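K.L.:
One structure coming up, written as structure tokens, with questions to follow.
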Protein chains: 2
Amino acid sequence: MIDFARIKQLYQLSVNLSLKDIQVLIQSAKSQRFEAGAFLMQEGSQNHTVYFIRKGLIRTFIVNEKGDEITTSLRWENQMYANSDVILFGQASRYDVQALEATDTLSLDYDTLQSIVERHPKLEKNRKFILQDILKQTIKHSESFILYSPEERYLNFVKNNPEILNRVPGKYIANILGITPVSLSRIRKRIANKQQTTT
Amino acid sequence: MIDFARIKQLYQLSVNLSLKDIQVLIQSAKSQRFEAGAFLMQEGSQNHTVYFIRKGLIRTFIVNEKGDEITTSLRWENQMYANSDVILFGQASRYDVQALEATDTLSLDYDTLQSIVERHPKLEKNRKFILQDILKQTIKHSESFILYSPEERYLNFVKNNPEILNRVPGKYIANILGITPVSLSRIRKRIANKQQTTT
DNA sequence: TCCCTTTATTATCTTTTGTTAATCTCATCC
DNA sequence: GGATGAGATTAACAAAAGATAATAAAGGGA
């Protein structure tokens with residue numbers, strides 16, 4: 001039985017998937033739901049799973065020597081998550097991955113995904129597409145630290161991810177911007193004051 | 001006639017290139033030399049060329065509103081350079097790319113490279129390999145801003161790129177670390193003082 | 001070798017951030 | 001509805017970074 005909701009979600013992975021390609025993927029993918037607070041993976045794991053988020057929101061964090069949790073990424077609807085430590089660097093995950101809201105995913109083991117792609121060369125283009133897309137985002141993020149001040153990074157974040165602002169505690173956003181929650185609070189105040197003067 | 005130096009250089013692109021694959025690439029690649037100070041590309045260009053650096057060193061910089069040059073990347077022997085604005089984002093380059101030393105490259109138009117890869121599926125693995133490698137570096141760079149202080153970033157840079165330190169003006173390194181040259185100077189002093197006290 | 005230009009360091013001052021802790025706000029659970 | 005707890009803001013101080021300018025050092029070219 002074909003689940004049209006699934007198809008629609010998966011279809012957003014890329015522009016040029018044929019119905020047949022989609023079927024191949026769907027048959028291998030598995031639905032998983034994580035309640036708010038549940039962990040998709042934990043530090044030390046070798047979990048090769050690639051997740052596609054149908055609904056919900058997850059964060060990735062790393063615990064530093066001081067014991068502080070540092071959030072390194074947020075992902076939400078129609079985005080992928082794969083653990084770069086495990087999949088790219090071949091090492092145990094330094095990260096924990098946690099659902100911040102009840103989150104519905106489609107998941108697929110990376111090696112399974114690989115073999116499917118190898119047996120279906122047309123999917124290769126999709127893989128490239130996904131890799132490139134992740135690369136684009138990562139380049140932009142990396143560049144933002146070189147080109148912009150913390151305040152500018154915050155303003156850019158607000159502009160580019162307005163729908164996420166009210167779904168996530170600000171302290172996680174602060175981490176991603178490379179600043180402390182206290183500093184983020186001050187930046188917000190500074191911006192508010194500037195706007196007052198302007199208005 | 002086969003240029004063995006070229007083969008050796010190209011071979012380092014990846015682990016699993018067959019001699020035949022190498023020949024295909026070599027026949028299409030072109031040697032280009034840039035003297036110190038010369039530009040590989042300039043801001044506004046749509047240059048699709050992918051460069052492989054056989055010898056030498058280049059930097060990528062962007063000119064901000066104030067007119068300052070901000071160096072965003074350095075590349076040297078056995079590394080690739082491709083303009084992400086043009087190739088990934090499909091827009092005119094915001095960057096200038098300049099040789100800091102006399103630099104010998106092998107270059108190939110990206111579209112040509114694409115069509116070669118499409119005609120020789122075994123090269124696809126290599127493309128993946130290269131994309132993944134760039135992604136790894138970019139992730140690490142991006143993460144360093146979230147996880148480490150400027151001082152720690154500098155120490156990491158020194159540890160990971162000792163051979164580059166004496167080939168590049170520190171102000172370019174400062175840019176890449178996301179700090180000002182003046183601040184880098186102070187960090188160096190701070191580190192020197194700490195070591196004195198320890199010894 | 002000497003000069004000139006570029007780069008690095010130092011100084012001074014201002015602004016921002018980090019750190020820690022206290023206070024405030026708000027949502028939630030019993 | 002009151003208590004609880006997580007998150008945000010504010011305060012106060014120390015540390016670090018930015019900006020600008022002056023000085024020192026180094027490197028390259030004639």
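Following the order of the structure tokens, chains are lettered A, B, ..., residues in each are numbered from 1, and ligands are numbered from 1.
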Please return the superposed copy of chain A as a PDB file with C-alpha atoms, in the first residue's frame; the fit should be least squares onto chain B across all sequentially paired Cα atoms.

P.N.:
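The new file superposed.pdb reads:
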ATOM      1  CA  MET A   1      53.198  11.680 -24.076  1.00  0.00           C
ATOM      2  CA  ILE A   2      52.478  10.908 -20.465  1.00  0.00           C
ATOM      3  CA  ASP A   3      53.593  13.385 -17.874  1.00  0.00           C
ATOM      4  CA  PHE A   4      54.380  11.342 -14.790  1.00  0.00           C
ATOM      5  CA  ALA A   5      54.566  14.341 -12.541  1.00  0.00           C
ATOM      6  CA  ARG A   6      51.004  15.141 -13.517  1.00  0.00           C
ATOM      7  CA  ILE A   7      49.867  11.619 -12.862  1.00  0.00           C
ATOM      8  CA  LYS A   8      51.427  11.596  -9.473  1.00  0.00           C
ATOM      9  CA  GLN A   9      49.756  14.854  -8.543  1.00  0.00           C
ATOM     10  CA  LEU A  10      46.362  13.898  -9.852  1.00  0.00           C
ATOM     11  CA  TYR A  11      46.621  10.541  -8.202  1.00  0.00           C
ATOM     12  CA  GLN A  12      46.455  12.214  -4.844  1.00  0.00           C
ATOM     13  CA  LEU A  13      42.967  13.360  -5.627  1.00  0.00           C
ATOM     14  CA  SER A  14      41.781  10.035  -4.430  1.00  0.00           C
ATOM     15  CA  VAL A  15      42.819   6.541  -3.601  1.00  0.00           C
ATOM     16  CA  ASN A  16      41.161   4.464  -6.265  1.00  0.00           C
ATOM     17  CA  LEU A  17      41.772   6.064  -9.620  1.00  0.00           C
ATOM     18  CA  SER A  18      42.768   3.598 -12.338  1.00  0.00           C
ATOM     19  CA  LEU A  19      45.457   4.563 -14.809  1.00  0.00           C
ATOM     20  CA  LYS A  20      42.794   4.800 -17.480  1.00  0.00           C
ATOM     21  CA  ASP A  21      40.706   7.174 -15.385  1.00  0.00           C
ATOM     22  CA  ILE A  22      43.768   9.280 -14.849  1.00  0.00           C
ATOM     23  CA  GLN A  23      44.460   9.438 -18.546  1.00  0.00           C
ATOM     24  CA  VAL A  24      40.959  10.667 -19.234  1.00  0.00           C
ATOM     25  CA  LEU A  25      41.385  13.464 -16.754  1.00  0.00           C
ATOM     26  CA  ILE A  26      44.862  14.412 -17.849  1.00  0.00           C
ATOM     27  CA  GLN A  27      43.875  14.743 -21.457  1.00  0.00           C
ATOM     28  CA  SER A  28      41.284  17.326 -20.541  1.00  0.00           C
ATOM     29  CA  ALA A  29      43.198  19.164 -17.864  1.00  0.00           C
ATOM     30  CA  LYS A  30      45.337  22.144 -18.669  1.00  0.00           C
ATOM     31  CA  SER A  31      48.438  23.432 -16.936  1.00  0.00           C
ATOM     32  CA  GLN A  32      48.325  26.986 -15.717  1.00  0.00           C
ATOM     33  CA  ARG A  33      50.895  28.966 -13.848  1.00  0.00           C
ATOM     34  CA  PHE A  34      50.190  32.078 -11.792  1.00  0.00           C
ATOM     35  CA  GLU A  35      52.961  34.330 -10.601  1.00  0.00           C
ATOM     36  CA  ALA A  36      52.889  35.658  -7.043  1.00  0.00           C
ATOM     37  CA  GLY A  37      50.221  38.352  -6.870  1.00  0.00           C
ATOM     38  CA  ALA A  38      48.356  37.197  -9.979  1.00  0.00           C
ATOM     39  CA  PHE A  39      44.625  36.542  -9.819  1.00  0.00           C
ATOM     40  CA  LEU A  40      43.053  33.193 -10.623  1.00  0.00           C
ATOM     41  CA  MET A  41      39.630  34.806 -10.593  1.00  0.00           C
ATOM     42  CA  GLN A  42      38.176  38.156  -9.668  1.00  0.00           C
ATOM     43  CA  GLU A  43      35.046  39.354  -7.978  1.00  0.00           C
ATOM     44  CA  GLY A  44      32.086  39.272 -10.322  1.00  0.00           C
ATOM     45  CA  SER A  45      33.437  36.467 -12.459  1.00  0.00           C
ATOM     46  CA  GLN A  46      31.480  33.400 -13.514  1.00  0.00           C
ATOM     47  CA  ASN A  47      34.600  31.297 -13.780  1.00  0.00           C
ATOM     48  CA  HIS A  48      33.674  27.613 -13.567  1.00  0.00           C
ATOM     49  CA  THR A  49      37.232  26.373 -13.437  1.00  0.00           C
ATOM     50  CA  VAL A  50      38.272  23.782 -10.894  1.00  0.00           C
ATOM     51  CA  TYR A  51      41.915  24.080  -9.927  1.00  0.00           C
ATOM     52  CA  PHE A  52      44.225  21.495  -8.515  1.00  0.00           C
ATOM     53  CA  ILE A  53      47.300  23.038  -6.926  1.00  0.00           C
ATOM     54  CA  ARG A  54      50.493  21.215  -7.832  1.00  0.00           C
ATOM     55  CA  LYS A  55      52.751  23.745  -6.194  1.00  0.00           C
ATOM     56  CA  GLY A  56      52.193  27.085  -4.548  1.00  0.00           C
ATOM     57  CA  LEU A  57      49.630  28.795  -2.409  1.00  0.00           C
ATOM     58  CA  ILE A  58      46.498  30.833  -3.039  1.00  0.00           C
ATOM     59  CA  ARG A  59      44.107  32.843  -0.943  1.00  0.00           C
ATOM     60  CA  THR A  60      40.460  33.716  -1.406  1.00  0.00           C
ATOM     61  CA  PHE A  61      39.256  37.043  -0.137  1.00  0.00           C
ATOM     62  CA  ILE A  62      36.159  39.139  -0.138  1.00  0.00           C
ATOM     63  CA  VAL A  63      36.013  42.921   0.060  1.00  0.00           C
ATOM     64  CA  ASN A  64      33.464  44.136   2.610  1.00  0.00           C
ATOM     65  CA  GLU A  65      31.482  47.397   2.695  1.00  0.00           C
ATOM     66  CA  LYS A  66      34.316  49.156   4.490  1.00  0.00           C
ATOM     67  CA  GLY A  67      36.697  48.203   1.727  1.00  0.00           C
ATOM     68  CA  ASP A  68      38.682  45.766   3.857  1.00  0.00           C
ATOM     69  CA  GLU A  69      39.933  42.556   2.317  1.00  0.00           C
ATOM     70  CA  ILE A  70      38.770  39.575   4.353  1.00  0.00           C
ATOM     71  CA  THR A  71      40.567  36.339   3.598  1.00  0.00           C
ATOM     72  CA  THR A  72      38.186  33.393   3.754  1.00  0.00           C
ATOM     73  CA  SER A  73      40.396  30.513   2.669  1.00  0.00           C
ATOM     74  CA  LEU A  74      43.923  29.416   1.921  1.00  0.00           C
ATOM     75  CA  ARG A  75      44.832  26.487  -0.299  1.00  0.00           C
ATOM     76  CA  TRP A  76      48.180  24.950  -1.115  1.00  0.00           C
ATOM     77  CA  GLU A  77      49.887  21.894  -2.518  1.00  0.00           C
ATOM     78  CA  ASN A  78      47.635  18.968  -3.436  1.00  0.00           C
ATOM     79  CA  GLN A  79      44.435  20.804  -2.616  1.00  0.00           C
ATOM     80  CA  MET A  80      41.568  21.715  -4.896  1.00  0.00           C
ATOM     81  CA  TYR A  81      39.975  25.063  -5.364  1.00  0.00           C
ATOM     82  CA  ALA A  82      36.576  25.665  -6.884  1.00  0.00           C
ATOM     83  CA  ASN A  83      34.524  28.817  -6.466  1.00  0.00           C
ATOM     84  CA  SER A  84      31.521  27.924  -4.348  1.00  0.00           C
ATOM     85  CA  ASP A  85      29.565  31.022  -5.366  1.00  0.00           C
ATOM     86  CA  VAL A  86      29.763  30.134  -9.023  1.00  0.00           C
ATOM     87  CA  ILE A  87      29.579  26.357  -8.836  1.00  0.00           C
ATOM     88  CA  LEU A  88      27.345  25.689  -5.835  1.00  0.00           C
ATOM     89  CA  PHE A  89      25.243  28.826  -5.671  1.00  0.00           C
ATOM     90  CA  GLY A  90      25.125  29.672  -9.372  1.00  0.00           C
ATOM     91  CA  GLN A  91      25.916  33.305  -8.779  1.00  0.00           C
ATOM     92  CA  ALA A  92      28.729  35.671  -9.682  1.00  0.00           C
ATOM     93  CA  SER A  93      31.742  35.289  -7.427  1.00  0.00           C
ATOM     94  CA  ARG A  94      31.896  37.547  -4.393  1.00  0.00           C
ATOM     95  CA  TYR A  95      35.518  36.491  -4.020  1.00  0.00           C
ATOM     96  CA  ASP A  96      38.842  37.332  -5.505  1.00  0.00           C
ATOM     97  CA  VAL A  97      41.309  34.486  -5.726  1.00  0.00           C
ATOM     98  CA  GLN A  98      44.958  35.385  -5.725  1.00  0.00           C
ATOM     99  CA  ALA A  99      48.238  33.501  -5.825  1.00  0.00           C
ATOM    100  CA  LEU A 100      50.443  34.372  -2.852  1.00  0.00           C
ATOM    101  CA  GLU A 101      53.366  32.436  -4.287  1.00  0.00           C
ATOM    102  CA  ALA A 102      54.123  31.387  -7.838  1.00  0.00           C
ATOM    103  CA  THR A 103      51.541  28.643  -8.252  1.00  0.00           C
ATOM    104  CA  ASP A 104      51.318  25.760 -10.702  1.00  0.00           C
ATOM    105  CA  THR A 105      47.865  24.352 -11.249  1.00  0.00           C
ATOM    106  CA  LEU A 106      46.039  21.794 -13.265  1.00  0.00           C
ATOM    107  CA  SER A 107      42.687  23.196 -14.259  1.00  0.00           C
ATOM    108  CA  LEU A 108      39.510  21.848 -15.734  1.00  0.00           C
ATOM    109  CA  ASP A 109      36.206  23.476 -16.461  1.00  0.00           C
ATOM    110  CA  TYR A 110      33.589  22.228 -14.012  1.00  0.00           C
ATOM    111  CA  ASP A 111      31.090  21.380 -16.745  1.00  0.00           C
ATOM    112  CA  THR A 112      33.748  19.471 -18.639  1.00  0.00           C
ATOM    113  CA  LEU A 113      34.570  17.650 -15.447  1.00  0.00           C
ATOM    114  CA  GLN A 114      30.886  16.869 -14.996  1.00  0.00           C
ATOM    115  CA  SER A 115      30.514  15.422 -18.462  1.00  0.00           C
ATOM    116  CA  ILE A 116      33.675  13.372 -18.081  1.00  0.00           C
ATOM    117  CA  VAL A 117      32.355  11.996 -14.820  1.00  0.00           C
ATOM    118  CA  GLU A 118      29.062  11.152 -16.460  1.00  0.00           C
ATOM    119  CA  ARG A 119      30.765   9.312 -19.266  1.00  0.00           C
ATOM    120  CA  HIS A 120      33.028   7.484 -16.841  1.00  0.00           C
ATOM    121  CA  PRO A 121      30.904   6.261 -13.956  1.00  0.00           C
ATOM    122  CA  LYS A 122      33.903   5.019 -12.030  1.00  0.00           C
ATOM    123  CA  LEU A 123      34.952   8.599 -11.518  1.00  0.00           C
ATOM    124  CA  GLU A 124      31.713   9.259  -9.705  1.00  0.00           C
ATOM    125  CA  LYS A 125      33.189   7.728  -6.595  1.00  0.00           C
ATOM    126  CA  ASN A 126      35.966  10.248  -6.809  1.00  0.00           C
ATOM    127  CA  ARG A 127      33.619  13.126  -7.070  1.00  0.00           C
ATOM    128  CA  LYS A 128      31.843  11.885  -3.988  1.00  0.00           C
ATOM    129  CA  PHE A 129      35.158  11.511  -2.266  1.00  0.00           C
ATOM    130  CA  ILE A 130      36.153  15.083  -3.072  1.00  0.00           C
ATOM    131  CA  LEU A 131      32.790  16.533  -2.093  1.00  0.00           C
ATOM    132  CA  GLN A 132      32.903  14.643   1.181  1.00  0.00           C
ATOM    133  CA  ASP A 133      36.393  15.794   1.865  1.00  0.00           C
ATOM    134  CA  ILE A 134      35.479  19.435   1.350  1.00  0.00           C
ATOM    135  CA  LEU A 135      32.431  18.893   3.524  1.00  0.00           C
ATOM    136  CA  LYS A 136      34.540  17.425   6.314  1.00  0.00           C
ATOM    137  CA  GLN A 137      36.874  20.389   6.352  1.00  0.00           C
ATOM    138  CA  THR A 138      34.039  22.865   6.244  1.00  0.00           C
ATOM    139  CA  ILE A 139      32.196  21.162   9.105  1.00  0.00           C
ATOM    140  CA  LYS A 140      35.332  21.204  11.219  1.00  0.00           C
ATOM    141  CA  HIS A 141      35.934  24.861  10.488  1.00  0.00           C
ATOM    142  CA  SER A 142      32.358  25.799  11.241  1.00  0.00           C
ATOM    143  CA  GLU A 143      32.302  23.774  14.450  1.00  0.00           C
ATOM    144  CA  SER A 144      35.507  25.351  15.665  1.00  0.00           C
ATOM    145  CA  PHE A 145      33.748  28.715  16.031  1.00  0.00           C
ATOM    146  CA  ILE A 146      31.086  27.162  18.240  1.00  0.00           C
ATOM    147  CA  LEU A 147      33.279  24.963  20.366  1.00  0.00           C
ATOM    148  CA  TYR A 148      36.520  26.894  20.751  1.00  0.00           C
ATOM    149  CA  SER A 149      37.751  30.320  21.786  1.00  0.00           C
ATOM    150  CA  PRO A 150      39.885  32.403  19.414  1.00  0.00           C
ATOM    151  CA  GLU A 151      42.979  31.356  21.331  1.00  0.00           C
ATOM    152  CA  GLU A 152      42.069  27.682  21.046  1.00  0.00           C
ATOM    153  CA  ARG A 153      41.301  28.100  17.356  1.00  0.00           C
ATOM    154  CA  TYR A 154      44.749  29.575  16.826  1.00  0.00           C
ATOM    155  CA  LEU A 155      46.442  26.750  18.694  1.00  0.00           C
ATOM    156  CA  ASN A 156      44.496  24.214  16.645  1.00  0.00           C
ATOM    157  CA  PHE A 157      45.479  25.976  13.456  1.00  0.00           C
ATOM    158  CA  VAL A 158      49.136  25.922  14.399  1.00  0.00           C
ATOM    159  CA  LYS A 159      48.949  22.256  15.277  1.00  0.00           C
ATOM    160  CA  ASN A 160      47.136  21.260  12.081  1.00  0.00           C
ATOM    161  CA  ASN A 161      48.948  23.516   9.603  1.00  0.00           C
ATOM    162  CA  PRO A 162      52.465  24.064  10.910  1.00  0.00           C
ATOM    163  CA  GLU A 163      53.977  24.126   7.412  1.00  0.00           C
ATOM    164  CA  ILE A 164      51.777  27.037   6.366  1.00  0.00           C
ATOM    165  CA  LEU A 165      52.476  29.377   9.277  1.00  0.00           C
ATOM    166  CA  ASN A 166      55.690  30.744   7.826  1.00  0.00           C
ATOM    167  CA  ARG A 167      54.424  30.979   4.278  1.00  0.00           C
ATOM    168  CA  VAL A 168      51.481  33.269   4.960  1.00  0.00           C
ATOM    169  CA  PRO A 169      51.152  36.729   6.546  1.00  0.00           C
ATOM    170  CA  GLY A 170      49.496  36.351   9.918  1.00  0.00           C
ATOM    171  CA  LYS A 171      46.767  38.805   9.042  1.00  0.00           C
ATOM    172  CA  TYR A 172      45.298  36.297   6.602  1.00  0.00           C
ATOM    173  CA  ILE A 173      45.304  33.624   9.257  1.00  0.00           C
ATOM    174  CA  ALA A 174      43.607  36.036  11.646  1.00  0.00           C
ATOM    175  CA  ASN A 175      40.767  36.504   9.156  1.00  0.00           C
ATOM    176  CA  ILE A 176      40.264  32.778   8.837  1.00  0.00           C
ATOM    177  CA  LEU A 177      40.140  32.467  12.622  1.00  0.00           C
ATOM    178  CA  GLY A 178      37.477  35.176  12.700  1.00  0.00           C
ATOM    179  CA  ILE A 179      39.575  37.750  14.574  1.00  0.00           C
ATOM    180  CA  THR A 180      41.605  40.874  13.757  1.00  0.00           C
ATOM    181  CA  PRO A 181      45.348  40.842  13.139  1.00  0.00           C
ATOM    182  CA  VAL A 182      45.828  42.972  16.256  1.00  0.00           C
ATOM    183  CA  SER A 183      43.969  40.443  18.333  1.00  0.00           C
ATOM    184  CA  LEU A 184      46.022  37.612  16.875  1.00  0.00           C
ATOM    185  CA  SER A 185      49.165  39.433  17.907  1.00  0.00           C
ATOM    186  CA  ARG A 186      47.882  39.704  21.477  1.00  0.00           C
ATOM    187  CA  ILE A 187      46.915  36.054  21.532  1.00  0.00           C
ATOM    188  CA  ARG A 188      50.417  35.085  20.459  1.00  0.00           C
ATOM    189  CA  LYS A 189      51.866  37.167  23.238  1.00  0.00           C
ATOM    190  CA  ARG A 190      49.523  35.641  25.781  1.00  0.00           C
ATOM    191  CA  ILE A 191      50.514  32.141  24.713  1.00  0.00           C
ATOM    192  CA  ALA A 192      54.209  33.029  24.852  1.00  0.00           C
ATOM    193  CA  ASN A 193      53.804  34.367  28.398  1.00  0.00           C
ATOM    194  CA  LYS A 194      51.990  31.247  29.547  1.00  0.00           C
ATOM    195  CA  GLN A 195      54.723  29.038  28.180  1.00  0.00           C
ATOM    196  CA  GLN A 196      57.380  31.124  29.920  1.00  0.00           C
ATOM    197  CA  THR A 197      55.616  30.679  33.253  1.00  0.00           C
ATOM    198  CA  THR A 198      55.237  26.950  32.617  1.00  0.00           C
ATOM    199  CA  THR A 199      58.875  26.541  31.644  1.00  0.00           C
TER     200      THR A 199
END

K.L.:
Mind dumping a table of every chain C residue within 9 Å of chain A, with the nearest atom pair and its distance in Å to one decimal, using only C-alpha atoms (C1' of nucleotides), sorted by chain and rising number, as a tab-separated table?

P.N.:
residue	atom	partner	partner_atom	distance
C:DT16	C1'	A:Ser183	CA	8.9
C:DT17	C1'	A:Ser183	CA	6.7
C:DG18	C1'	A:Thr180	CA	7.8

K.L.:
What are the closest atom pairs, with distances in Å to one decimal, for each residue of chain D lying within 10 Å of chain A, using only C-alpha atoms (C1' of nucleotides), rows by chain and rising residue number, as CSV?

P.N.:
residue,atom,partner,partner_atom,distance
D:DA6,C1',A:Pro169,CA,9.8
D:DG7,C1',A:Pro169,CA,7.2
D:DA8,C1',A:Ser185,CA,7.4
D:DT9,C1',A:Ser185,CA,6.8
D:DT10,C1',A:Arg186,CA,9.2

K.L.:
Counting only C-alpha atoms (C1' of nucleotides), which of D:DA24, D:DA12, D:DA30, D:DG18 gets nearest to DA21 of chain C?

P.N.:
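Using only C-alpha atoms (C1' of nucleotides), the shortest distance to DA21 of chain C belongs to D:DA12.
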
K.L.:
To one decimal place, how far is atom C1' of DA26 of chain D from atom C1' of DC13 of chain C in Å?

P.N.:
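Those two atoms sit 28.4 Å apart.
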